[in-house]
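The structure file protein-v4.cif is reproduced below (mmCIF, C-alpha atoms and all ligand atoms).
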```cif
data_structure
loop_
_atom_site.label_atom_id
_atom_site.label_comp_id
_atom_site.auth_asym_id
_atom_site.auth_seq_id
_atom_site.Cartn_x
_atom_site.Cartn_y
_atom_site.Cartn_z
CA MET Y 1 53.35 32.08 -180.22
CA ALA Y 2 53.27 31.62 -176.46
CA ALA Y 3 52.06 28.30 -175.10
CA ASN Y 4 48.71 27.84 -173.43
CA ILE Y 5 49.38 27.42 -169.71
CA ILE Y 6 47.78 24.26 -168.32
CA ASP Y 7 46.38 25.40 -164.97
CA GLY Y 8 46.91 22.34 -162.77
CA LYS Y 9 45.54 24.12 -159.72
CA ALA Y 10 42.19 24.87 -161.39
CA ILE Y 11 41.97 21.41 -162.98
CA ALA Y 12 42.75 19.75 -159.63
CA GLU Y 13 39.98 21.84 -158.04
CA ASP Y 14 37.64 20.55 -160.74
CA VAL Y 15 38.62 16.94 -160.02
CA ARG Y 16 38.14 17.54 -156.27
CA ALA Y 17 34.70 19.06 -156.91
CA GLY Y 18 33.82 15.90 -158.86
CA VAL Y 19 35.01 13.78 -155.92
CA GLU Y 20 32.93 15.87 -153.50
CA ARG Y 21 29.80 15.44 -155.66
CA ALA Y 22 30.46 11.69 -155.91
CA VAL Y 23 30.94 11.36 -152.14
CA SER Y 24 27.68 13.23 -151.49
CA ILE Y 25 25.65 10.58 -153.33
CA LEU Y 26 27.41 7.47 -151.96
CA PRO Y 27 25.62 5.47 -149.23
CA LYS Y 28 28.51 6.20 -146.81
CA ALA Y 29 31.54 8.50 -146.81
CA PRO Y 30 34.73 6.61 -147.81
CA THR Y 31 37.62 6.52 -145.33
CA LEU Y 32 41.28 7.16 -146.15
CA ALA Y 33 43.99 6.15 -143.67
CA VAL Y 34 47.32 7.95 -143.99
CA VAL Y 35 50.35 6.36 -142.33
CA LEU Y 36 53.35 8.53 -141.47
CA VAL Y 37 56.55 7.04 -140.04
CA GLY Y 38 59.06 9.47 -138.54
CA ASP Y 39 59.30 13.26 -138.64
CA ASN Y 40 60.38 14.15 -142.20
CA ALA Y 41 59.27 17.80 -142.46
CA ALA Y 42 58.14 17.61 -146.10
CA SER Y 43 56.18 14.39 -145.39
CA GLN Y 44 54.41 16.07 -142.47
CA VAL Y 45 53.26 18.89 -144.78
CA TYR Y 46 52.09 16.39 -147.44
CA VAL Y 47 50.17 14.38 -144.82
CA ARG Y 48 48.50 17.51 -143.40
CA ASN Y 49 47.40 18.51 -146.92
CA LYS Y 50 46.08 15.03 -147.67
CA VAL Y 51 44.11 14.92 -144.40
CA ARG Y 52 42.66 18.42 -144.96
CA GLN Y 53 41.65 17.77 -148.57
CA THR Y 54 40.17 14.36 -147.71
CA GLU Y 55 37.93 16.01 -145.12
CA GLU Y 56 37.07 18.94 -147.41
CA ALA Y 57 35.84 16.40 -149.98
CA GLY Y 58 33.43 15.01 -147.36
CA MET Y 59 35.41 11.84 -146.64
CA VAL Y 60 36.70 10.45 -143.36
CA SER Y 61 40.40 10.74 -142.67
CA ILE Y 62 42.36 8.55 -140.26
CA ARG Y 63 45.93 9.54 -139.43
CA ARG Y 64 48.39 7.04 -137.94
CA HIS Y 65 51.83 8.20 -136.87
CA LEU Y 66 54.70 5.90 -135.87
CA PRO Y 67 57.99 7.16 -134.40
CA ALA Y 68 61.14 7.43 -136.56
CA ASP Y 69 62.62 4.34 -134.84
CA ALA Y 70 59.57 2.13 -135.54
CA THR Y 71 60.47 -1.40 -136.59
CA GLN Y 72 59.50 -3.08 -139.85
CA PHE Y 73 57.25 -5.34 -137.80
CA GLU Y 74 55.43 -2.36 -136.24
CA VAL Y 75 54.88 -0.69 -139.63
CA GLU Y 76 53.62 -3.91 -141.25
CA ASN Y 77 51.46 -4.68 -138.23
CA LEU Y 78 49.78 -1.28 -138.47
CA ILE Y 79 49.13 -1.84 -142.18
CA SER Y 80 47.65 -5.29 -141.40
CA ASP Y 81 45.30 -3.70 -138.83
CA LEU Y 82 44.14 -1.15 -141.42
CA ASN Y 83 43.72 -3.94 -144.00
CA ALA Y 84 41.47 -5.76 -141.56
CA ASP Y 85 39.43 -2.69 -140.59
CA PRO Y 86 36.20 -2.88 -142.64
CA ASP Y 87 35.68 0.89 -142.33
CA VAL Y 88 38.97 1.72 -144.09
CA ASP Y 89 38.69 2.04 -147.89
CA GLY Y 90 42.14 3.40 -148.72
CA ILE Y 91 45.60 3.16 -147.14
CA LEU Y 92 48.35 5.58 -148.03
CA LEU Y 93 51.84 4.92 -146.72
CA GLN Y 94 53.67 8.25 -146.87
CA LEU Y 95 57.07 7.82 -148.55
CA PRO Y 96 59.97 7.93 -148.06
CA LEU Y 97 60.17 5.71 -144.98
CA PRO Y 98 63.12 6.13 -142.58
CA ARG Y 99 66.20 4.50 -144.10
CA HIS Y 100 66.30 1.45 -141.80
CA LEU Y 101 62.92 0.27 -143.09
CA HIS Y 102 62.25 -1.87 -146.16
CA GLU Y 103 59.91 0.29 -148.23
CA ALA Y 104 58.96 -2.26 -150.90
CA ALA Y 105 58.11 -4.91 -148.29
CA ALA Y 106 55.91 -2.47 -146.37
CA ILE Y 107 54.07 -1.43 -149.56
CA GLU Y 108 53.48 -5.11 -150.41
CA LYS Y 109 51.62 -5.50 -147.09
CA ILE Y 110 48.89 -3.13 -148.25
CA ASP Y 111 45.72 -4.88 -149.41
CA PRO Y 112 45.68 -4.19 -153.20
CA ALA Y 113 41.97 -3.31 -152.89
CA LYS Y 114 42.95 -0.46 -150.51
CA ASP Y 115 46.19 0.51 -152.29
CA VAL Y 116 45.13 4.04 -153.33
CA ASP Y 117 48.70 4.91 -154.38
CA GLY Y 118 48.64 2.01 -156.88
CA LEU Y 119 52.08 0.82 -155.81
CA THR Y 120 51.55 -2.83 -154.89
CA GLU Y 121 52.77 -5.49 -157.31
CA THR Y 122 49.16 -6.52 -157.91
CA ASN Y 123 48.09 -3.06 -159.04
CA ALA Y 124 51.33 -2.46 -161.00
CA GLY Y 125 50.79 -5.84 -162.71
CA ARG Y 126 47.17 -5.01 -163.50
CA LEU Y 127 48.26 -1.73 -165.09
CA ALA Y 128 50.90 -3.55 -167.16
CA LEU Y 129 48.31 -6.12 -168.26
CA GLY Y 130 45.73 -3.44 -169.12
CA LYS Y 131 43.36 -4.71 -166.42
CA PRO Y 132 41.34 -2.44 -164.12
CA GLY Y 133 43.01 -1.59 -160.80
CA LEU Y 134 44.16 1.34 -158.71
CA VAL Y 135 46.75 3.42 -160.59
CA PRO Y 136 49.46 5.75 -159.23
CA CYS Y 137 48.23 9.29 -158.60
CA THR Y 138 50.87 11.55 -160.20
CA PRO Y 139 50.82 9.67 -163.55
CA SER Y 140 47.01 9.70 -163.64
CA GLY Y 141 47.19 13.45 -163.04
CA CYS Y 142 49.48 13.76 -166.08
CA VAL Y 143 46.95 12.01 -168.32
CA ILE Y 144 44.12 14.24 -167.07
CA LEU Y 145 46.22 17.35 -167.77
CA ALA Y 146 47.16 16.13 -171.27
CA LYS Y 147 43.47 15.51 -172.03
CA ARG Y 148 42.47 18.96 -170.80
CA ALA Y 149 45.08 20.44 -173.13
CA LEU Y 150 44.59 18.27 -176.23
CA GLY Y 151 41.08 16.85 -175.86
CA GLU Y 152 39.80 13.50 -174.57
CA ASN Y 153 41.11 11.49 -177.50
CA LEU Y 154 44.88 11.05 -177.26
CA SER Y 155 44.88 8.13 -179.68
CA GLY Y 156 47.87 8.06 -182.04
CA LYS Y 157 49.73 10.89 -180.30
CA HIS Y 158 53.41 10.23 -179.68
CA CYS Y 159 54.09 10.50 -175.97
CA VAL Y 160 57.68 10.62 -174.75
CA VAL Y 161 58.10 10.02 -171.01
CA ILE Y 162 61.58 10.88 -169.65
CA GLY Y 163 62.24 8.73 -166.57
CA ARG Y 164 61.48 5.11 -165.78
CA SER Y 165 60.83 5.11 -162.05
CA ILE Y 166 58.25 2.78 -160.53
CA LEU Y 167 56.45 5.75 -158.97
CA VAL Y 168 56.16 8.00 -162.02
CA GLY Y 169 57.88 7.18 -165.34
CA LYS Y 170 56.81 3.56 -165.90
CA PRO Y 171 53.17 3.95 -164.82
CA ALA Y 172 52.88 7.22 -166.79
CA ALA Y 173 54.09 5.41 -169.92
CA LEU Y 174 51.59 2.58 -169.37
CA LEU Y 175 48.70 4.99 -168.77
CA PHE Y 176 49.44 6.90 -172.00
CA LEU Y 177 49.70 3.52 -173.77
CA ALA Y 178 46.24 2.67 -172.42
CA GLU Y 179 45.07 5.89 -174.12
CA ASN Y 180 46.39 4.44 -177.41
CA CYS Y 181 49.35 6.79 -177.57
CA THR Y 182 52.58 5.68 -179.23
CA VAL Y 183 54.87 5.69 -176.21
CA THR Y 184 58.62 6.09 -175.91
CA ILE Y 185 60.34 5.84 -172.53
CA ALA Y 186 63.59 7.81 -172.40
CA HIS Y 187 65.98 7.58 -169.45
CA SER Y 188 69.50 8.26 -168.23
CA ARG Y 189 71.02 5.91 -170.86
CA THR Y 190 69.03 7.23 -173.82
CA THR Y 191 71.26 8.43 -176.63
CA ASP Y 192 70.35 11.73 -178.27
CA LEU Y 193 67.58 12.61 -175.82
CA ALA Y 194 66.90 15.85 -177.74
CA ALA Y 195 66.06 13.99 -180.96
CA VAL Y 196 63.77 11.57 -179.08
CA CYS Y 197 61.97 14.44 -177.32
CA ARG Y 198 61.45 16.36 -180.56
CA GLN Y 199 59.19 13.51 -181.76
CA ALA Y 200 56.79 14.04 -178.87
CA ASP Y 201 53.28 15.41 -179.21
CA ILE Y 202 53.13 14.93 -175.42
CA LEU Y 203 56.41 15.33 -173.54
CA VAL Y 204 56.49 14.21 -169.91
CA PRO Y 205 59.80 14.84 -168.14
CA ALA Y 206 59.90 13.03 -164.78
CA VAL Y 207 63.54 13.17 -163.81
CA GLY Y 208 64.36 15.72 -161.12
CA ARG Y 209 66.92 17.78 -163.08
CA PRO Y 210 66.28 21.48 -163.54
CA GLY Y 211 66.82 22.68 -167.11
CA LEU Y 212 67.01 19.16 -168.58
CA VAL Y 213 64.46 19.98 -171.30
CA THR Y 214 65.28 23.04 -173.37
CA GLY Y 215 63.22 24.77 -176.06
CA ASP Y 216 65.14 23.11 -178.91
CA MET Y 217 64.02 19.68 -177.60
CA VAL Y 218 60.33 20.52 -177.92
CA LYS Y 219 58.27 19.92 -181.06
CA PRO Y 220 56.39 23.12 -181.95
CA GLY Y 221 52.84 22.91 -180.58
CA ALA Y 222 53.54 19.93 -178.26
CA ALA Y 223 52.01 19.55 -174.80
CA LEU Y 224 54.70 19.62 -172.12
CA ILE Y 225 53.63 18.04 -168.83
CA ASP Y 226 56.47 18.73 -166.41
CA VAL Y 227 56.53 16.31 -163.46
CA GLY Y 228 59.91 17.38 -162.09
CA ILE Y 229 60.09 19.29 -158.82
CA ASN Y 230 63.46 20.87 -158.08
CA ARG Y 231 64.44 23.44 -155.49
CA VAL Y 232 67.00 25.88 -156.88
CA PRO Y 233 68.69 28.98 -155.45
CA ALA Y 234 66.77 32.22 -156.07
CA PRO Y 235 69.15 35.05 -155.19
CA GLU Y 236 66.70 37.50 -156.84
CA LYS Y 237 64.34 36.79 -153.89
CA GLY Y 238 67.03 37.52 -151.33
CA LYS Y 239 70.10 35.89 -149.85
CA GLY Y 240 69.72 32.15 -149.27
CA LYS Y 241 66.22 32.05 -150.83
CA THR Y 242 65.08 29.25 -153.13
CA ARG Y 243 62.26 28.55 -155.55
CA LEU Y 244 60.71 25.48 -157.18
CA VAL Y 245 61.21 24.69 -160.84
CA GLY Y 246 60.42 21.70 -163.03
CA ASP Y 247 62.70 19.72 -165.35
CA ALA Y 248 61.99 22.07 -168.28
CA ASP Y 249 63.53 25.45 -168.90
CA TYR Y 250 60.12 27.08 -168.62
CA SER Y 251 60.49 30.24 -170.69
CA GLY Y 252 62.50 28.56 -173.45
CA CYS Y 253 60.00 25.69 -173.72
CA ALA Y 254 56.90 27.90 -173.40
CA ALA Y 255 58.03 29.77 -176.53
CA VAL Y 256 57.84 26.55 -178.59
CA ALA Y 257 55.26 24.28 -176.92
CA GLY Y 258 51.53 24.56 -177.59
CA HIS Y 259 50.64 23.77 -173.98
CA ILE Y 260 52.78 23.74 -170.85
CA THR Y 261 52.34 23.05 -167.14
CA PRO Y 262 53.93 25.54 -164.73
CA VAL Y 263 55.91 24.41 -161.69
CA PRO Y 264 54.54 24.89 -159.13
CA GLY Y 265 50.85 24.78 -160.07
CA GLY Y 266 50.91 22.09 -162.75
CA VAL Y 267 51.24 18.37 -162.04
CA GLY Y 268 51.75 18.86 -158.27
CA PRO Y 269 48.16 19.77 -157.29
CA MET Y 270 46.80 16.87 -159.38
CA THR Y 271 48.46 14.23 -157.20
CA ILE Y 272 46.25 14.69 -154.12
CA ALA Y 273 43.14 15.22 -156.30
CA CYS Y 274 43.81 11.82 -157.93
CA LEU Y 275 44.43 10.26 -154.52
CA LEU Y 276 40.96 11.39 -153.39
CA ARG Y 277 39.48 10.05 -156.63
CA ASN Y 278 41.24 6.70 -156.09
CA THR Y 279 39.81 6.53 -152.55
CA VAL Y 280 36.27 6.84 -153.92
CA LEU Y 281 37.02 4.25 -156.64
CA ALA Y 282 38.46 1.87 -154.02
CA ALA Y 283 35.39 2.32 -151.80
CA CYS Y 284 33.03 1.65 -154.71
CA ALA Y 285 34.92 -1.49 -155.80
CA ARG Y 286 35.18 -2.91 -152.25
CA ARG Y 287 31.60 -2.15 -151.27
CA GLY Y 288 29.95 -3.04 -154.59
CA TRP Y 289 28.67 0.51 -155.20
CA ASP Y 290 28.26 1.94 -158.71
CA VAL Y 291 30.91 4.54 -159.48
CA PRO Y 292 29.07 7.89 -159.53
CA GLU Y 293 28.93 9.50 -162.97
CA GLY Y 294 31.45 12.21 -163.75
CA LEU Y 295 34.14 10.94 -161.37
P1 LIG I 1 63.64 8.94 -159.73
O1 LIG I 1 64.93 9.55 -159.31
O2 LIG I 1 63.18 7.68 -159.10
O3 LIG I 1 63.70 8.67 -161.31
C1 LIG I 1 64.31 9.56 -162.19
C2 LIG I 1 64.37 8.96 -163.58
O4 LIG I 1 65.00 9.90 -164.43
C3 LIG I 1 65.17 7.68 -163.67
O5 LIG I 1 64.36 6.68 -164.23
C4 LIG I 1 66.36 8.00 -164.59
O6 LIG I 1 66.59 6.98 -165.55
C5 LIG I 1 65.91 9.24 -165.29
N1 LIG I 1 67.04 10.14 -165.54
C6 LIG I 1 67.98 10.54 -164.69
N2 LIG I 1 68.87 11.37 -165.29
C7 LIG I 1 68.46 11.49 -166.56
C8 LIG I 1 68.94 12.19 -167.70
N3 LIG I 1 70.02 12.96 -167.63
N4 LIG I 1 68.28 12.07 -168.85
C9 LIG I 1 67.18 11.31 -168.95
N5 LIG I 1 66.65 10.63 -167.90
C10 LIG I 1 67.29 10.71 -166.74
O7 LIG I 1 62.57 10.11 -159.59
P2 LIG I 1 60.94 10.04 -159.54
O8 LIG I 1 60.49 9.59 -158.21
O9 LIG I 1 60.42 9.36 -160.76
O10 LIG I 1 60.62 11.60 -159.65
C11 LIG I 1 61.00 12.33 -160.80
C12 LIG I 1 60.73 13.80 -160.56
O11 LIG I 1 59.33 13.99 -160.40
C13 LIG I 1 61.39 14.39 -159.29
O12 LIG I 1 61.75 15.73 -159.54
C14 LIG I 1 60.26 14.35 -158.28
O13 LIG I 1 60.42 15.35 -157.28
C15 LIG I 1 59.09 14.65 -159.17
N6 LIG I 1 57.79 14.14 -158.66
C16 LIG I 1 56.75 15.01 -158.71
C17 LIG I 1 55.51 14.61 -158.26
C18 LIG I 1 54.36 15.58 -158.34
O14 LIG I 1 53.38 15.42 -157.65
N7 LIG I 1 54.46 16.58 -159.21
C19 LIG I 1 55.33 13.33 -157.74
C20 LIG I 1 56.40 12.45 -157.73
C21 LIG I 1 57.64 12.87 -158.20
#
```

Re-express the file's structure as C-alpha cells.
Amino acid sequence: MAANIIDGKAIAEDVRAGVERAVSILPKAPTLAVVLVGDNAASQVYVRNKVRQTEEAGMVSIRRHLPADATQFEVENLISDLNADPDVDGILLQLPLPRHLHEAAAIEKIDPAKDVDGLTETNAGRLALGKPGLVPCTPSGCVILAKRALGENLSGKHCVVIGRSILVGKPAALLFLAENCTVTIAHSRTTDLAAVCRQADILVPAVGRPGLVTGDMVKPGAALIDVGINRVPAPEKGKGKTRLVGDADYSGCAAVAGHITPVPGGVGPMTIACLLRNTVLAACARRGWDVPEGL
C-alpha cells in the first residue's frame, strides 16, 4: 500500500492562516527583525521569503544587512540595538555567518525573549528542562507534521531521530519527548542504524545524506518525516541540472511507510510558518497579551 503523502506546503499554509488570524486580533502587529551578514545567495533567498511571509501574515518586518566583512563587534552591536528596541518582538540572525565570525557568541547576544529561532542557551535549556520557551522552528514543524499524520496524541509512539545537531536533531528529540514519545537519538556512531530505525513509529532523518534511509529500514505503516535537504545531479532534467531530495530513498520508503513527507514540499515550508508563529508567541509573552486561540 502506498504511503499517505504529508503535504507540508498545505499544512504550512494552514499554520500561516492561523498566524494571520491571531495577528488580526492582537492590539498591535508584532515586529520581526531579520539580520543578514554578507551575500550568501541561499541566505538572501531565505531572508526575502521570511520578509515576504512576515508581511503577508500582517506583521511588521525589519531587515538589517551588514557587509560580509562586518566585525563581531558590529554584529553584536546591531543585535544589542534590536534587543533594546521596544518595537521589536523577534530577532532572527540568518545563518550561516561568514566564517570569520563567531556564530555561537552572536546567537548568545540575542535577548532570549526575542529569540524566535530558539537557539540561545536559555531557550535550549528551557526546552531540555521541559519549561516553556521559544523552540527551534524546523523541529516544531516536524512535530506538527507528525500530528497531522497520526493525530494529536503521539503518546507512547517510538520516535527515532537520526542526527544530533543543535539546530535540528537534539531539539526535535526533546520536542517529541515532550509529546510523551519514547525517543531514540541515532547518529553517525550508531551501530546497526537499520535495526534502530525499524523500531520507529515516527522516523525523523535529519542528516544531510541522500539515500541514507532505505525502505528496509522503515517499519510498515510508520510516519517518515524527512528533514534532510540535499542537492543531487539530475541528468534526466538536462546536462548539469540538479534537484532536491531528502535523506530517504523516497520511492522505496513510500512503499513501506504509512505516511511520508516529500522533499521539497514537506518539512521545508513548515520552518518559516513556525518562525511566524514564534514571533506572535514572543510578542504575546513580552507584551503580556493572551495567546489567541488556535495559534
Ligand atoms: P548537521 O550536519 O549539523 O548534523 C547532521 C547529523 O547527522 C549529525 O548529528 C551526525 O551525527 C548525523 N549523521 C551524520 N552521518 C550520519 C550517518 N551516516 N548515520 C547517522 N547519522 C549521521 O546537519 P543539520 O543542520 O542538523 O541538518 C541536517 C539536514 O537537515 C541537512 O540536510 C539540512 O540541509 C537539513 N535541514 C533542513 C531544514 C528544513 O527546513 N527542512 C532545516 C534545517 C536543516

Set up a box along x, y and z of the file covering all listed atoms of ligand LIG 1 (chain I), add 4 Å on every one of the six sides, and write the centre and edge lengths in Å to one decimal, as AutoDock Vina command-line options.
```
--center_x 61.7 --center_y 11.6 --center_z -163.1 --size_x 24.6 --size_y 17.9 --size_z 19.7
```

- [ ] Produce as a ChimeraX atom specification the set of residues near ligand LIG 1 (chain I), where near means within 10 Å with all atoms listed in the file considered.
- [x] /Y:136-139,141-142,161-172,185-194,204-210,212-213,225-231,245-247,263-272

TODO: Mind checking which residues fall within 8 Å of Arg286 of chain Y, counting only C-alpha atoms, ignoring those fewer than 4 positions away in the same chain, and posting them as a list of chain:residue names?
DONE: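 In the requested format, the answer is Y:Asp89, Y:Ala113, Y:Ala282.
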
Write a file of the selected residues as a PDB file, keeping the file's coordinate frame, keeping C-alpha atoms.
```pdb
ATOM      1  CA  ASP Y  89      38.690   2.040-147.890  1.00  0.00           C
ATOM      2  CA  ALA Y 113      41.970  -3.310-152.890  1.00  0.00           C
ATOM      3  CA  ALA Y 282      38.460   1.870-154.020  1.00  0.00           C
TER       4      ALA Y 282
END
```

TODO: Find the residue from Y:Val35, Y:Leu95, Y:Ala222, Y:Leu276 that sits nearest to Ala254 of chain Y; use only C-alpha atoms when measuring.
DONE: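 Result for the nearest residue to Ala254 of chain Y: Y:Ala222.
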
Which polymer residues have any atom within 9 Å of an atom of Leu174 of chain Y, counting all atoms listed in the file, with same-chain residues fewer than 3 positions away left out, as a CSV table (one decimal) with C-alpha atoms, keeping the file's coordinate frame?
```csv
chain,number,residue,atom,x,y,z
Y,127,LEU,CA,48.3,-1.7,-165.1
Y,128,ALA,CA,50.9,-3.6,-167.2
Y,130,GLY,CA,45.7,-3.4,-169.1
Y,169,GLY,CA,57.9,7.2,-165.3
Y,170,LYS,CA,56.8,3.6,-165.9
Y,171,PRO,CA,53.2,4.0,-164.8
Y,177,LEU,CA,49.7,3.5,-173.8
Y,178,ALA,CA,46.2,2.7,-172.4
Y,179,GLU,CA,45.1,5.9,-174.1
Y,183,VAL,CA,54.9,5.7,-176.2
```

Open item on the list: From the options Y:Ala257, Y:Ile107, Y:Ala273, Y:Ala223, which residue's atoms come nearest to Val51 of chain Y, counting all atoms listed in the file?
Closed with: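 With all atoms listed in the file as the atom set, the closest residue is Y:Ala273.
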
- [ ] Between atom CA of Phe73 of chain Y and atom CA of Asp115 of chain Y, measure the distance and give it in Å to one decimal.
- [x] 19.1 Å

Task: atom CA of Val218 of chain Y to atom CA of Ala248 of chain Y, straight-line distance in Å - done: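 So the two atoms, atom CA of Ala248 of chain Y and atom CA of Val218 of chain Y, lie 9.9 Å apart.
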
Task: Between atom CA of Val291 of chain Y and atom CA of Ile25 of chain Y, distance in Å (one decimal) - done: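 Between these atoms lies a distance of 10.1 Å.
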
Task: Using all atoms listed in the file: which of Y:Lys114, Y:Met217, Y:Gly211, Y:Pro30 has the shortest distance to Val232 of chain Y - done: Y:Gly211

TODO: Counting all atoms listed in the file, write as a list in words all protein and nucleic acid residues lying at most 9 Å from (44.6, 17.1, -167.8) in the file's frame.
DONE: Ile6, Asp7, Gly8, Ile11, Ala12, Ser140, Gly141, Cys142, Val143, Ile144, Leu145, Ala146, Lys147, Arg148, Ala149, Leu150, Gly151, Val267 and Met270 of chain Y

Open item on the list: I'd like the neighbourhood of Leu97 of chain Y as a ChimeraX atom specification, where a residue qualifies if any of its atoms comes within 7 Å (using only C-alpha atoms), though same-chain residues fewer than 4 positions away should be ignored.
Closed with: /Y:37,101,103

Those selected residues, please, written with C-alpha atoms and delivered as a CSV table (one decimal), in the coordinates of the input.
```csv
chain,number,residue,atom,x,y,z
Y,37,VAL,CA,56.6,7.0,-140.0
Y,101,LEU,CA,62.9,0.3,-143.1
Y,103,GLU,CA,59.9,0.3,-148.2
```

Task: Counting all atoms listed in the file, the residue of Y:Ala234, Y:Cys197, Y:Glu20, Y:Lys28 that sits nearest Trp289 of chain Y - done: Y:Lys28

Task: Top pick for closest residue to Leu275 of chain Y, considering Y:Leu129, Y:Val116, Y:Leu175, Y:Ala200 and counting only C-alpha atoms - done: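 The answer is Y:Val116, which sits nearest to Leu275 of chain Y.
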
Task: Among the residues Y:Ile62, Y:Ile260, Y:Cys274, Y:Leu244, the one that comes closest to Gly18 of chain Y [using all atoms listed in the file] - done: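 Checking each of Y:Ile62, Y:Ile260, Y:Cys274, Y:Leu244 against Gly18 of chain Y, counting all atoms listed in the file, the winner is Y:Cys274.
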
For Gly252 of chain Y, work out the shell of residues within 9 Å, counting all atoms listed in the file and skipping chain neighbours fewer than 2 positions away, then give it as an mmCIF file with C-alpha atoms, keeping the file's coordinate frame.
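Wrote it out as result25.cif, contents follow:
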```
data_model
loop_
_atom_site.group_PDB
_atom_site.id
_atom_site.type_symbol
_atom_site.label_atom_id
_atom_site.label_comp_id
_atom_site.auth_asym_id
_atom_site.auth_seq_id
_atom_site.Cartn_x
_atom_site.Cartn_y
_atom_site.Cartn_z
ATOM 1 C CA THR Y 214 65.280 23.040 -173.370
ATOM 2 C CA GLY Y 215 63.220 24.770 -176.060
ATOM 3 C CA ASP Y 216 65.140 23.110 -178.910
ATOM 4 C CA ALA Y 248 61.990 22.070 -168.280
ATOM 5 C CA ASP Y 249 63.530 25.450 -168.900
ATOM 6 C CA TYR Y 250 60.120 27.080 -168.620
ATOM 7 C CA ALA Y 254 56.900 27.900 -173.400
ATOM 8 C CA ALA Y 255 58.030 29.770 -176.530
ATOM 9 C CA VAL Y 256 57.840 26.550 -178.590
#
```

Reconstruct all heavy atoms of segment 58-63 of chain Y; output as a PDB file, keeping the file's coordinate frame.
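out_19.pdb, freshly written:
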```pdb
ATOM      1  N   GLY Y  58      34.543  15.685-148.042  1.00  0.00           N
ATOM      2  CA  GLY Y  58      33.430  15.010-147.360  1.00  0.00           C
ATOM      3  C   GLY Y  58      33.756  13.587-146.943  1.00  0.00           C
ATOM      4  O   GLY Y  58      32.868  12.825-146.554  1.00  0.00           O
ATOM      5  N   MET Y  59      35.041  13.209-147.024  1.00  0.00           N
ATOM      6  CA  MET Y  59      35.410  11.840-146.640  1.00  0.00           C
ATOM      7  C   MET Y  59      35.982  11.818-145.225  1.00  0.00           C
ATOM      8  O   MET Y  59      36.260  12.856-144.625  1.00  0.00           O
ATOM      9  CB  MET Y  59      36.442  11.284-147.631  1.00  0.00           C
ATOM     10  CG  MET Y  59      35.840  11.097-149.010  1.00  0.00           C
ATOM     11  SD  MET Y  59      36.879  10.141-150.125  1.00  0.00           S
ATOM     12  CE  MET Y  59      37.997  11.383-150.701  1.00  0.00           C
ATOM     13  N   VAL Y  60      36.158  10.613-144.713  1.00  0.00           N
ATOM     14  CA  VAL Y  60      36.700  10.450-143.360  1.00  0.00           C
ATOM     15  C   VAL Y  60      38.196  10.197-143.467  1.00  0.00           C
ATOM     16  O   VAL Y  60      38.648   9.413-144.315  1.00  0.00           O
ATOM     17  CB  VAL Y  60      36.019   9.253-142.652  1.00  0.00           C
ATOM     18  CG1 VAL Y  60      36.572   9.086-141.237  1.00  0.00           C
ATOM     19  CG2 VAL Y  60      34.510   9.446-142.634  1.00  0.00           C
ATOM     20  N   SER Y  61      38.949  10.886-142.613  1.00  0.00           N
ATOM     21  CA  SER Y  61      40.400  10.740-142.670  1.00  0.00           C
ATOM     22  C   SER Y  61      40.897  10.150-141.346  1.00  0.00           C
ATOM     23  O   SER Y  61      40.513  10.590-140.269  1.00  0.00           O
ATOM     24  CB  SER Y  61      40.985  12.127-142.893  1.00  0.00           C
ATOM     25  OG  SER Y  61      42.343  12.105-142.635  1.00  0.00           O
ATOM     26  N   ILE Y  62      41.733   9.121-141.458  1.00  0.00           N
ATOM     27  CA  ILE Y  62      42.360   8.550-140.260  1.00  0.00           C
ATOM     28  C   ILE Y  62      43.854   8.785-140.406  1.00  0.00           C
ATOM     29  O   ILE Y  62      44.427   8.524-141.471  1.00  0.00           O
ATOM     30  CB  ILE Y  62      42.111   7.028-140.169  1.00  0.00           C
ATOM     31  CG1 ILE Y  62      40.632   6.738-140.009  1.00  0.00           C
ATOM     32  CG2 ILE Y  62      42.896   6.429-139.021  1.00  0.00           C
ATOM     33  CD1 ILE Y  62      40.347   5.232-139.941  1.00  0.00           C
ATOM     34  N   ARG Y  63      44.498   9.275-139.340  1.00  0.00           N
ATOM     35  CA  ARG Y  63      45.930   9.540-139.430  1.00  0.00           C
ATOM     36  C   ARG Y  63      46.617   8.637-138.411  1.00  0.00           C
ATOM     37  O   ARG Y  63      46.227   8.603-137.237  1.00  0.00           O
ATOM     38  CB  ARG Y  63      46.148  11.010-139.082  1.00  0.00           C
ATOM     39  CG  ARG Y  63      47.513  11.517-139.355  1.00  0.00           C
ATOM     40  CD  ARG Y  63      47.489  13.045-139.198  1.00  0.00           C
ATOM     41  NE  ARG Y  63      48.814  13.591-139.428  1.00  0.00           N
ATOM     42  CZ  ARG Y  63      49.739  13.708-138.498  1.00  0.00           C
ATOM     43  NH1 ARG Y  63      49.484  13.352-137.263  1.00  0.00           N
ATOM     44  NH2 ARG Y  63      50.921  14.209-138.796  1.00  0.00           N
TER      45      ARG Y  63
END
```
